[in-house]
file start-v6.cif (mmCIF, C-alpha atoms and all ligand atoms)
data_upload
#
loop_
_atom_site.group_PDB
_atom_site.id
_atom_site.type_symbol
_atom_site.label_atom_id
_atom_site.label_comp_id
_atom_site.auth_asym_id
_atom_site.auth_seq_id
_atom_site.Cartn_x
_atom_site.Cartn_y
_atom_site.Cartn_z
ATOM 1 C CA MET A 1 97.984 157.956 66.550
ATOM 2 C CA ALA A 2 96.179 156.023 69.303
ATOM 3 C CA ASP A 3 92.523 156.818 69.834
ATOM 4 C CA ALA A 4 91.961 158.521 73.174
ATOM 5 C CA GLN A 5 89.329 156.007 74.161
ATOM 6 C CA PRO A 6 89.998 152.288 73.619
ATOM 7 C CA PHE A 7 87.400 150.627 71.440
ATOM 8 C CA ASP A 8 86.358 148.100 74.075
ATOM 9 C CA ARG A 9 85.556 150.838 76.582
ATOM 10 C CA ARG A 10 83.019 153.095 74.975
ATOM 11 C CA ASP A 11 79.446 154.007 75.755
ATOM 12 C CA GLY A 12 76.287 152.658 74.275
ATOM 13 C CA VAL A 13 75.177 149.344 72.875
ATOM 14 C CA ILE A 14 76.334 146.897 70.229
ATOM 15 C CA TRP A 15 73.937 144.763 68.210
ATOM 16 C CA PHE A 16 75.189 141.211 68.783
ATOM 17 C CA ASP A 17 73.492 138.164 67.222
ATOM 18 C CA GLY A 18 70.099 139.828 67.266
ATOM 19 C CA GLN A 19 70.288 141.465 70.730
ATOM 20 C CA PHE A 20 71.507 144.789 71.987
ATOM 21 C CA VAL A 21 74.251 144.308 74.563
ATOM 22 C CA PRO A 22 76.090 146.941 76.611
ATOM 23 C CA TRP A 23 79.215 148.062 74.712
ATOM 24 C CA ALA A 24 81.676 146.500 77.198
ATOM 25 C CA ASP A 25 79.895 143.128 77.110
ATOM 26 C CA ALA A 26 80.159 142.515 73.346
ATOM 27 C CA ASN A 27 82.837 139.845 73.793
ATOM 28 C CA ILE A 28 83.752 136.577 72.050
ATOM 29 C CA HIS A 29 85.667 133.518 73.185
ATOM 30 C CA VAL A 30 89.419 133.386 72.528
ATOM 31 C CA LEU A 31 88.939 130.115 70.625
ATOM 32 C CA SER A 32 86.783 131.692 67.933
ATOM 33 C CA HIS A 33 87.591 130.420 64.451
ATOM 34 C CA GLY A 34 87.384 133.945 63.059
ATOM 35 C CA LEU A 35 90.287 135.025 65.255
ATOM 36 C CA HIS A 36 92.558 132.071 64.479
ATOM 37 C CA TYR A 37 91.872 131.545 60.765
ATOM 38 C CA ALA A 38 90.580 134.943 59.578
ATOM 39 C CA SER A 39 87.131 133.523 58.777
ATOM 40 C CA ALA A 40 85.532 136.931 59.173
ATOM 41 C CA VAL A 41 84.087 139.583 56.875
ATOM 42 C CA PHE A 42 83.083 143.152 57.655
ATOM 43 C CA GLU A 43 81.761 146.421 56.303
ATOM 44 C CA GLY A 44 82.484 150.075 56.855
ATOM 45 C CA GLU A 45 79.521 152.398 56.339
ATOM 46 C CA ARG A 46 78.948 156.032 57.158
ATOM 47 C CA ALA A 47 75.825 157.752 58.416
ATOM 48 C CA TYR A 48 75.301 161.408 57.529
ATOM 49 C CA GLY A 49 72.490 163.397 59.120
ATOM 50 C CA GLY A 50 71.209 160.221 60.799
ATOM 51 C CA LYS A 51 70.942 158.179 57.553
ATOM 52 C CA ILE A 52 73.370 155.499 56.401
ATOM 53 C CA PHE A 53 74.683 156.212 52.900
ATOM 54 C CA LYS A 54 74.468 153.247 50.468
ATOM 55 C CA MET A 55 73.437 150.975 53.356
ATOM 56 C CA ARG A 56 71.810 148.330 51.144
ATOM 57 C CA GLU A 57 74.919 148.065 48.905
ATOM 58 C CA HIS A 58 77.203 147.662 51.922
ATOM 59 C CA ASN A 59 75.043 145.061 53.627
ATOM 60 C CA GLN A 60 74.616 143.159 50.368
ATOM 61 C CA ARG A 61 78.400 143.152 49.953
ATOM 62 C CA LEU A 62 78.719 141.847 53.527
ATOM 63 C CA ILE A 63 76.521 138.872 52.644
ATOM 64 C CA GLU A 64 78.481 138.280 49.425
ATOM 65 C CA SER A 65 81.824 138.524 51.243
ATOM 66 C CA GLY A 66 80.583 135.794 53.610
ATOM 67 C CA LYS A 67 79.639 133.608 50.634
ATOM 68 C CA LEU A 68 83.127 134.123 49.162
ATOM 69 C CA LEU A 69 84.501 132.757 52.453
ATOM 70 C CA GLY A 70 82.082 129.830 52.251
ATOM 71 C CA PHE A 71 79.482 130.870 54.807
ATOM 72 C CA ASP A 72 75.941 132.244 54.896
ATOM 73 C CA ILE A 73 75.238 135.045 57.347
ATOM 74 C CA PRO A 74 72.023 133.965 59.088
ATOM 75 C CA TYR A 75 70.202 137.249 58.424
ATOM 76 C CA SER A 76 68.653 138.687 55.270
ATOM 77 C CA VAL A 77 69.880 141.989 53.875
ATOM 78 C CA GLU A 78 66.611 143.571 55.064
ATOM 79 C CA GLU A 79 67.256 142.316 58.601
ATOM 80 C CA ILE A 80 70.837 143.607 58.567
ATOM 81 C CA ASP A 81 69.650 146.989 57.249
ATOM 82 C CA ARG A 82 67.058 147.176 60.027
ATOM 83 C CA ALA A 83 69.636 146.202 62.669
ATOM 84 C CA CYS A 84 71.984 148.969 61.428
ATOM 85 C CA VAL A 85 69.198 151.570 61.501
ATOM 86 C CA GLU A 86 68.079 150.520 65.002
ATOM 87 C CA THR A 87 71.635 150.519 66.326
ATOM 88 C CA LEU A 88 72.226 154.005 64.917
ATOM 89 C CA ALA A 89 69.008 155.212 66.583
ATOM 90 C CA LYS A 90 70.034 153.679 69.935
ATOM 91 C CA GLN A 91 73.459 155.286 69.703
ATOM 92 C CA GLY A 92 71.754 158.588 68.884
ATOM 93 C CA PHE A 93 74.373 159.810 66.381
ATOM 94 C CA GLU A 94 73.765 161.916 63.291
ATOM 95 C CA ASP A 95 77.175 161.416 61.682
ATOM 96 C CA ALA A 96 78.824 158.102 62.496
ATOM 97 C CA TYR A 97 80.731 155.100 61.248
ATOM 98 C CA VAL A 98 78.909 151.763 61.082
ATOM 99 C CA ARG A 99 80.870 148.524 61.400
ATOM 100 C CA PRO A 100 79.046 145.222 60.876
ATOM 101 C CA ILE A 101 81.252 142.136 61.244
ATOM 102 C CA ALA A 102 80.435 138.445 60.720
ATOM 103 C CA TRP A 103 82.680 135.607 61.852
ATOM 104 C CA ARG A 104 82.882 131.887 62.463
ATOM 105 C CA GLY A 105 82.423 130.893 66.108
ATOM 106 C CA SER A 106 84.130 128.394 68.392
ATOM 107 C CA GLU A 107 82.249 125.119 67.765
ATOM 108 C CA MET A 108 85.225 123.717 65.815
ATOM 109 C CA MET A 109 88.941 124.486 66.011
ATOM 110 C CA GLY A 110 91.215 123.700 63.085
ATOM 111 C CA VAL A 111 91.208 124.595 59.429
ATOM 112 C CA ALA A 112 87.905 122.790 58.749
ATOM 113 C CA ALA A 113 85.073 124.770 60.247
ATOM 114 C CA GLN A 114 81.872 123.579 58.574
ATOM 115 C CA SER A 115 79.761 123.404 61.732
ATOM 116 C CA THR A 116 80.796 126.696 63.286
ATOM 117 C CA LYS A 117 78.014 129.130 64.058
ATOM 118 C CA ILE A 118 78.098 132.352 62.028
ATOM 119 C CA HIS A 119 77.863 135.400 64.260
ATOM 120 C CA LEU A 120 77.042 138.979 63.359
ATOM 121 C CA ALA A 121 77.682 142.140 65.337
ATOM 122 C CA ILE A 122 77.156 145.806 64.494
ATOM 123 C CA ALA A 123 79.020 148.576 66.312
ATOM 124 C CA ILE A 124 78.558 152.282 65.614
ATOM 125 C CA TRP A 125 80.837 155.089 66.737
ATOM 126 C CA GLN A 126 81.781 158.626 65.806
ATOM 127 C CA TRP A 127 84.754 158.731 63.472
ATOM 128 C CA PRO A 128 85.051 162.208 61.957
ATOM 129 C CA SER A 129 87.843 162.334 59.361
ATOM 130 C CA TYR A 130 90.012 159.372 58.469
ATOM 131 C CA PHE A 131 92.961 161.616 57.627
ATOM 132 C CA ASP A 132 94.144 164.672 59.531
ATOM 133 C CA PRO A 133 91.778 167.449 58.268
ATOM 134 C CA ALA A 134 94.618 170.000 57.854
ATOM 135 C CA GLU A 135 96.745 167.594 55.827
ATOM 136 C CA ARG A 136 93.721 166.329 53.935
ATOM 137 C CA LEU A 137 92.976 169.623 52.167
ATOM 138 C CA LYS A 138 96.589 170.065 51.024
ATOM 139 C CA GLY A 139 96.686 166.488 49.861
ATOM 140 C CA ILE A 140 98.039 163.555 51.829
ATOM 141 C CA ARG A 141 101.509 162.068 51.363
ATOM 142 C CA VAL A 142 101.487 158.415 50.325
ATOM 143 C CA ASP A 143 104.332 155.893 50.270
ATOM 144 C CA LEU A 144 104.739 152.949 47.904
ATOM 145 C CA ALA A 145 104.011 149.701 49.762
ATOM 146 C CA GLU A 146 106.227 146.650 49.491
ATOM 147 C CA TRP A 147 103.245 144.309 49.808
ATOM 148 C CA ARG A 148 101.136 143.631 46.742
ATOM 149 C CA ARG A 149 97.453 142.856 46.292
ATOM 150 C CA PRO A 150 97.178 139.129 45.686
ATOM 151 C CA ASP A 151 96.210 137.271 42.536
ATOM 152 C CA PRO A 152 92.490 136.295 42.803
ATOM 153 C CA ARG A 153 93.749 132.697 42.676
ATOM 154 C CA THR A 154 95.754 133.362 45.861
ATOM 155 C CA ALA A 155 93.022 134.944 48.008
ATOM 156 C CA PRO A 156 89.298 135.806 47.650
ATOM 157 C CA SER A 157 90.279 139.339 46.690
ATOM 158 C CA LYS A 158 86.708 140.563 46.047
ATOM 159 C CA ALA A 159 85.652 139.870 49.627
ATOM 160 C CA LYS A 160 85.927 142.493 52.333
ATOM 161 C CA ALA A 161 87.535 139.853 54.507
ATOM 162 C CA THR A 162 89.690 140.460 57.561
ATOM 163 C CA GLY A 163 92.586 138.322 56.288
ATOM 164 C CA LEU A 164 93.124 140.631 53.327
ATOM 165 C CA TYR A 165 93.954 143.470 55.727
ATOM 166 C CA MET A 166 97.038 141.786 57.164
ATOM 167 C CA ILE A 167 99.197 143.270 54.381
ATOM 168 C CA CYS A 168 97.341 146.584 54.628
ATOM 169 C CA THR A 169 98.247 147.014 58.289
ATOM 170 C CA LEU A 170 101.875 146.070 57.567
ATOM 171 C CA SER A 171 101.990 148.549 54.666
ATOM 172 C CA LYS A 172 100.322 151.351 56.600
ATOM 173 C CA HIS A 173 102.636 150.879 59.582
ATOM 174 C CA ALA A 174 105.704 150.995 57.321
ATOM 175 C CA ALA A 175 104.371 154.178 55.669
ATOM 176 C CA GLU A 176 103.546 155.885 58.965
ATOM 177 C CA ARG A 177 107.013 155.073 60.319
ATOM 178 C CA LYS A 178 108.383 157.153 57.433
ATOM 179 C CA GLY A 179 105.947 160.007 58.086
ATOM 180 C CA TYR A 180 103.473 159.195 55.310
ATOM 181 C CA ALA A 181 99.704 159.084 55.814
ATOM 182 C CA ASP A 182 99.119 155.921 53.758
ATOM 183 C CA ALA A 183 100.633 153.545 51.208
ATOM 184 C CA MET A 184 99.795 152.761 47.583
ATOM 185 C CA MET A 185 99.785 149.049 46.868
ATOM 186 C CA LEU A 186 100.591 147.549 43.494
ATOM 187 C CA ASP A 187 98.971 144.267 42.529
ATOM 188 C CA TRP A 188 100.633 140.901 41.958
ATOM 189 C CA ARG A 189 101.394 141.939 38.316
ATOM 190 C CA GLY A 190 103.006 145.243 39.334
ATOM 191 C CA GLN A 191 100.023 147.361 38.286
ATOM 192 C CA VAL A 192 98.726 150.217 40.445
ATOM 193 C CA ALA A 193 95.969 148.831 42.685
ATOM 194 C CA GLU A 194 94.740 150.828 45.693
ATOM 195 C CA CYS A 195 95.661 152.321 49.045
ATOM 196 C CA THR A 196 95.383 150.320 52.273
ATOM 197 C CA GLY A 197 91.723 151.234 52.725
ATOM 198 C CA ALA A 198 90.696 153.294 49.694
ATOM 199 C CA ASN A 199 90.554 153.239 45.881
ATOM 200 C CA MET A 200 92.678 155.499 43.657
ATOM 201 C CA PHE A 201 91.996 157.996 40.876
ATOM 202 C CA PHE A 202 94.378 159.989 38.679
ATOM 203 C CA VAL A 203 93.809 162.955 36.360
ATOM 204 C CA LYS A 204 95.478 163.735 33.038
ATOM 205 C CA ASP A 205 94.295 166.237 30.384
ATOM 206 C CA GLY A 206 90.913 166.665 32.062
ATOM 207 C CA LYS A 207 90.191 162.923 32.100
ATOM 208 C CA ILE A 208 90.093 160.545 35.060
ATOM 209 C CA HIS A 209 92.018 157.283 35.027
ATOM 210 C CA THR A 210 91.432 154.577 37.620
ATOM 211 C CA PRO A 211 92.705 150.991 37.873
ATOM 212 C CA THR A 212 90.307 148.197 36.877
ATOM 213 C CA PRO A 213 89.296 146.493 40.149
ATOM 214 C CA ASP A 214 90.035 142.922 39.106
ATOM 215 C CA CYS A 215 91.979 141.879 42.227
ATOM 216 C CA PHE A 216 90.922 144.420 44.859
ATOM 217 C CA LEU A 217 87.763 145.909 46.261
ATOM 218 C CA ASP A 218 85.535 147.727 43.755
ATOM 219 C CA GLY A 219 84.599 150.276 46.394
ATOM 220 C CA ILE A 220 81.081 151.584 46.771
ATOM 221 C CA THR A 221 82.531 155.107 47.060
ATOM 222 C CA ARG A 222 84.567 154.438 43.894
ATOM 223 C CA ARG A 223 81.383 153.636 42.009
ATOM 224 C CA THR A 224 79.635 156.727 43.439
ATOM 225 C CA VAL A 225 82.558 158.967 42.432
ATOM 226 C CA ILE A 226 82.634 157.514 38.904
ATOM 227 C CA GLY A 227 78.916 158.337 38.630
ATOM 228 C CA LEU A 228 79.515 161.890 39.890
ATOM 229 C CA ALA A 229 82.374 162.438 37.430
ATOM 230 C CA LYS A 230 80.266 161.184 34.524
ATOM 231 C CA ALA A 231 77.374 163.423 35.606
ATOM 232 C CA ARG A 232 79.806 166.356 35.253
ATOM 233 C CA GLY A 233 80.723 165.186 31.756
ATOM 234 C CA ILE A 234 84.215 164.108 32.870
ATOM 235 C CA GLU A 235 85.449 161.018 31.051
ATOM 236 C CA VAL A 236 86.452 158.128 33.349
ATOM 237 C CA ILE A 237 88.832 155.507 31.958
ATOM 238 C CA GLU A 238 89.138 152.214 33.855
ATOM 239 C CA ARG A 239 92.248 150.379 32.794
ATOM 240 C CA ALA A 240 95.503 148.798 33.910
ATOM 241 C CA ILE A 241 97.836 151.574 35.134
ATOM 242 C CA MET A 242 101.569 150.984 35.504
ATOM 243 C CA PRO A 243 103.453 152.936 38.208
ATOM 244 C CA GLU A 244 105.744 154.611 35.598
ATOM 245 C CA GLU A 245 102.656 156.380 34.258
ATOM 246 C CA LEU A 246 102.344 158.349 37.486
ATOM 247 C CA ASP A 247 104.885 160.760 35.910
ATOM 248 C CA ASP A 248 102.144 161.985 33.559
ATOM 249 C CA PHE A 249 99.238 162.506 35.957
ATOM 250 C CA THR A 250 98.617 165.974 37.386
ATOM 251 C CA GLU A 251 96.050 165.219 40.115
ATOM 252 C CA CYS A 252 95.482 162.194 42.318
ATOM 253 C CA PHE A 253 92.836 161.420 44.907
ATOM 254 C CA ILE A 254 91.692 158.410 46.859
ATOM 255 C CA CYS A 255 88.209 157.496 47.976
ATOM 256 C CA GLY A 256 86.460 155.164 50.366
ATOM 257 C CA THR A 257 83.696 155.210 52.932
ATOM 258 C CA ALA A 258 86.069 156.243 55.720
ATOM 259 C CA ALA A 259 88.440 158.340 53.547
ATOM 260 C CA GLU A 260 85.576 159.951 51.527
ATOM 261 C CA VAL A 261 87.322 161.884 48.691
ATOM 262 C CA THR A 262 90.844 162.768 49.840
ATOM 263 C CA PRO A 263 93.381 164.580 47.617
ATOM 264 C CA VAL A 264 96.922 163.208 47.348
ATOM 265 C CA SER A 265 99.946 165.531 46.986
ATOM 266 C CA GLU A 266 102.636 162.888 46.654
ATOM 267 C CA ILE A 267 103.220 159.175 46.203
ATOM 268 C CA ALA A 268 106.846 158.157 46.786
ATOM 269 C CA GLN A 269 108.787 160.105 44.069
ATOM 270 C CA TRP A 270 105.666 161.364 42.258
ATOM 271 C CA ARG A 271 104.089 164.785 42.871
ATOM 272 C CA PHE A 272 100.506 165.956 42.295
ATOM 273 C CA LYS A 273 98.640 169.202 42.766
ATOM 274 C CA PRO A 274 95.093 168.863 44.093
ATOM 275 C CA GLY A 275 93.176 170.690 41.355
ATOM 276 C CA GLU A 276 89.798 171.490 39.894
ATOM 277 C CA ILE A 277 88.605 167.917 39.251
ATOM 278 C CA THR A 278 89.581 166.692 42.720
ATOM 279 C CA LYS A 279 87.947 169.702 44.359
ATOM 280 C CA THR A 280 84.771 169.305 42.294
ATOM 281 C CA LEU A 281 84.414 165.626 43.200
ATOM 282 C CA MET A 282 85.183 166.262 46.870
ATOM 283 C CA ASP A 283 82.390 168.829 46.958
ATOM 284 C CA ASP A 284 80.009 166.715 44.868
ATOM 285 C CA TYR A 285 80.570 163.724 47.149
ATOM 286 C CA SER A 286 79.843 165.801 50.284
ATOM 287 C CA ALA A 287 76.741 167.247 48.651
ATOM 288 C CA THR A 288 75.549 163.773 47.603
ATOM 289 C CA VAL A 289 75.836 162.191 51.053
ATOM 290 C CA ARG A 290 74.044 165.173 52.630
ATOM 291 C CA ALA A 291 71.333 165.212 49.940
ATOM 292 C CA HIS A 292 70.789 161.497 50.552
ATOM 293 C CA ALA A 293 70.108 162.132 54.249
ATOM 294 C CA LYS A 294 67.554 164.816 53.365
ATOM 295 C CA ALA A 295 65.883 162.697 50.683
ATOM 296 C CA VAL A 296 65.523 159.704 53.047
ATOM 297 C CA ALA A 297 64.176 161.937 55.819
ATOM 298 C CA ALA A 298 61.591 163.557 53.518
HETATM 299 N N1 LIG B 301 89.852 149.229 49.278
HETATM 300 C C1 LIG B 301 90.031 148.790 50.535
HETATM 301 C C2 LIG B 301 91.160 147.871 50.841
HETATM 302 C C3 LIG B 301 89.153 149.206 51.548
HETATM 303 O O1 LIG B 301 89.311 148.780 52.801
HETATM 304 C C4 LIG B 301 88.104 150.099 51.231
HETATM 305 C C5 LIG B 301 87.180 150.572 52.307
HETATM 306 N N2 LIG B 301 86.139 149.649 52.502
HETATM 307 C C6 LIG B 301 87.964 150.517 49.905
HETATM 308 C C7 LIG B 301 88.864 150.072 48.957
HETATM 309 C C8 LIG B 301 86.844 151.447 49.513
HETATM 310 O O2 LIG B 301 85.633 150.776 49.600
HETATM 311 P P1 LIG B 301 84.256 151.520 49.909
HETATM 312 O O3 LIG B 301 84.211 152.699 49.033
HETATM 313 O O4 LIG B 301 83.232 150.520 49.558
HETATM 314 O O5 LIG B 301 84.274 151.899 51.338
#
call {"tool": "encode", "arguments": {"input": "start-v6.cif", "output": "structure tokens"}}
result
Amino acid sequence: MADAQPFDRRDGVIWFDGQFVPWADANIHVLSHGLHYASAVFEGERAYGGKIFKMREHNQRLIESGKLLGFDIPYSVEEIDRACVETLAKQGFEDAYVRPIAWRGSEMMGVAAQSTKIHLAIAIWQWPSYFDPAERLKGIRVDLAEWRRPDPRTAPSKAKATGLYMICTLSKHAAERKGYADAMMLDWRGQVAECTGANMFFVKDGKIHTPTPDCFLDGITRRTVIGLAKARGIEVIERAIMPEELDDFTECFICGTAAEVTPVSEIAQWRFKPGEITKTLMDDYSATVRAHAKAVAA
């Protein structure tokens, strides 16, 4: 579904290389290396009650993603944190999505790009629920993607890098064409990996099983949810999961900054019933992000 308002024509300001610029003026040249060769890394963060949840972890990962692509973002994590907080204040939102992005500029064109300038921009907008709220509570329907997460020797799979999303967009488009909300991707070995923008969890006999993130993003929400499950005394098993095993799981949910905790009702031929564990972790996650805003404000 297209957003009603195009993303280049919104109100407010964008933090751009250390300055606030009017939203419509946050432009780059068409010969930017980041556009041609995917030398760009980004983050997705959410603010609740005016405070950005896990901001330091996200901005640290942004810096590390840049390093994995061979560049140093010319700002410290403290400076990026401050820029995010100031941008949120200027935008005046309580609940919002925060998108920092760093990319190589246009000083060099071609595969080699050593002397390109590294740019950083931060845009913040209101992005309520990643999945349709009505569908979300029943559990979303997920297809099986044809594309697979690459071997870490094929791509810097731990980076949140733009190039890694090429196969996510292709997979999500294919899924949406068939009426699904998202797609589950296997990895290069055929093991269950993740959805196109979220990590996956399964439930069997009161225990949670989740794939070991050895060739895809170890999401910050994933780590939060594992902590919440353990705090409830629920065992969490990280291991290789083969798709055939989906026959034996009773619940499934996905999680990510944008997706939060979202129940899944089906994946291709497999069926799940959003149940007690999914519901508990959905509620615990909501409570945690709200409690964080209150604790920071206090
Ligand atoms: N996997 C992919 C491919 C993602 O894009 C995201 C969202 N950033 C995640 C997992 C979840 O990561 P996080 O919880 O850190 O948002």
call {"tool": "resolve_selection", "arguments": {"input": "start-v6.cif", "expression": "the PyMOL selection byres (((chain A and resi 48) around 8) and not hetatm)", "output": "PyMOL selection string"}}
result
chain A and resi 46-47+49-53+94-96+289-290+293
call {"tool": "closest_residue", "arguments": {"input": "start-v6.cif", "among": "A:Ala240, A:Leu217, A:Ala145, A:Ala198", "to": "Lys172 in chain A", "atoms": "all atoms listed in the file"}}
result
A:Ala145
call {"tool": "residues_near_ligand", "arguments": {"input": "start-v6.cif", "ligand": "ligand LIG 301 (chain B)", "cutoff": "7 Å", "atoms": "all atoms listed in the file", "output": "PyMOL selection string"}}
result
chain A and resi 43-45+194-199+216-222+255-258
call {"tool": "resolve_selection", "arguments": {"input": "start-v6.cif", "expression": "the PyMOL selection byres (((chain A and resi 137-141) around 9) and not hetatm)", "output": "PyMOL selection string"}}
result
chain A and resi 131-136+142-143+179-183+252-253+262-268+272-274
call {"tool": "resolve_selection", "arguments": {"input": "start-v6.cif", "expression": "the PyMOL selection byres (((chain A and resi 224-239) around 8) and not hetatm)", "output": "MDAnalysis selection string"}}
result
chainID A and resid 206:212 220:223 240:241 281 284:285
call {"tool": "residues_around", "arguments": {"input": "start-v6.cif", "residues": "Val13 in chain A", "least_positions_apart": "3", "cutoff": "10 Å", "atoms": "all atoms listed in the file", "output": "number ranges by chain"}}
result
A: 10, 16, 19-26, 87-88, 90-91, 122-124
call {"tool": "write_last_selection", "arguments": {"input": "start-v6.cif", "atoms": "C-alpha atoms", "output": "mmCIF file, in the frame of the given file"}}
result
data_model
loop_
_atom_site.group_PDB
_atom_site.id
_atom_site.type_symbol
_atom_site.label_atom_id
_atom_site.label_comp_id
_atom_site.auth_asym_id
_atom_site.auth_seq_id
_atom_site.Cartn_x
_atom_site.Cartn_y
_atom_site.Cartn_z
ATOM 1 C CA ARG A 10 83.019 153.095 74.975
ATOM 2 C CA PHE A 16 75.189 141.211 68.783
ATOM 3 C CA GLN A 19 70.288 141.465 70.730
ATOM 4 C CA PHE A 20 71.507 144.789 71.987
ATOM 5 C CA VAL A 21 74.251 144.308 74.563
ATOM 6 C CA PRO A 22 76.090 146.941 76.611
ATOM 7 C CA TRP A 23 79.215 148.062 74.712
ATOM 8 C CA ALA A 24 81.676 146.500 77.198
ATOM 9 C CA ASP A 25 79.895 143.128 77.110
ATOM 10 C CA ALA A 26 80.159 142.515 73.346
ATOM 11 C CA THR A 87 71.635 150.519 66.326
ATOM 12 C CA LEU A 88 72.226 154.005 64.917
ATOM 13 C CA LYS A 90 70.034 153.679 69.935
ATOM 14 C CA GLN A 91 73.459 155.286 69.703
ATOM 15 C CA ILE A 122 77.156 145.806 64.494
ATOM 16 C CA ALA A 123 79.020 148.576 66.312
ATOM 17 C CA ILE A 124 78.558 152.282 65.614
#
call {"tool": "closest_residue", "arguments": {"input": "start-v6.cif", "among": "A:Ser106, A:Asn59, A:Arg82, A:Gly92", "to": "His29 in chain A", "atoms": "all atoms listed in the file"}}
result
A:Ser106
call {"tool": "atom_distance", "arguments": {"input": "start-v6.cif", "atom1": "CA of Thr278 in chain A", "atom2": "CA of Leu164 in chain A"}}
result
28.4 Å
call {"tool": "closest_residue", "arguments": {"input": "start-v6.cif", "among": "A:His119, A:His58, A:Arg271, A:Lys294", "to": "Glu107 in chain A", "atoms": "all atoms listed in the file"}}
result
A:His119
call {"tool": "closest_residue", "arguments": {"input": "start-v6.cif", "among": "A:Ala102, A:Arg61, A:Asp8, A:Ile28", "to": "Val41 in chain A", "atoms": "only C-alpha atoms"}}
result
A:Ala102
call {"tool": "atom_distance", "arguments": {"input": "start-v6.cif", "atom1": "CA of Arg104 in chain A", "atom2": "CA of Ala83 in chain A"}}
result
19.5 Å
call {"tool": "atom_distance", "arguments": {"input": "start-v6.cif", "atom1": "CA of Trp103 in chain A", "atom2": "CA of Asp81 in chain A"}}
result
17.9 Å
call {"tool": "residues_around", "arguments": {"input": "start-v6.cif", "residues": "Val77 in chain A", "least_positions_apart": "2", "cutoff": "9 Å", "atoms": "all atoms listed in the file", "output": "list of chain:residue names"}}
result
A:Arg56, A:Asn59, A:Gln60, A:Leu62, A:Ile63, A:Tyr75, A:Glu79, A:Ile80, A:Asp81, A:Arg82
call {"tool": "closest_residue", "arguments": {"input": "start-v6.cif", "among": "A:Pro213, A:Gly163, A:Gly18, A:Pro156", "to": "Leu120 in chain A", "atoms": "all atoms listed in the file"}}
result
A:Gly18
call {"tool": "closest_residue", "arguments": {"input": "start-v6.cif", "among": "A:Ala112, A:Met200, A:Cys215, A:Leu144", "to": "Lys158 in chain A", "atoms": "all atoms listed in the file"}}
result
A:Cys215
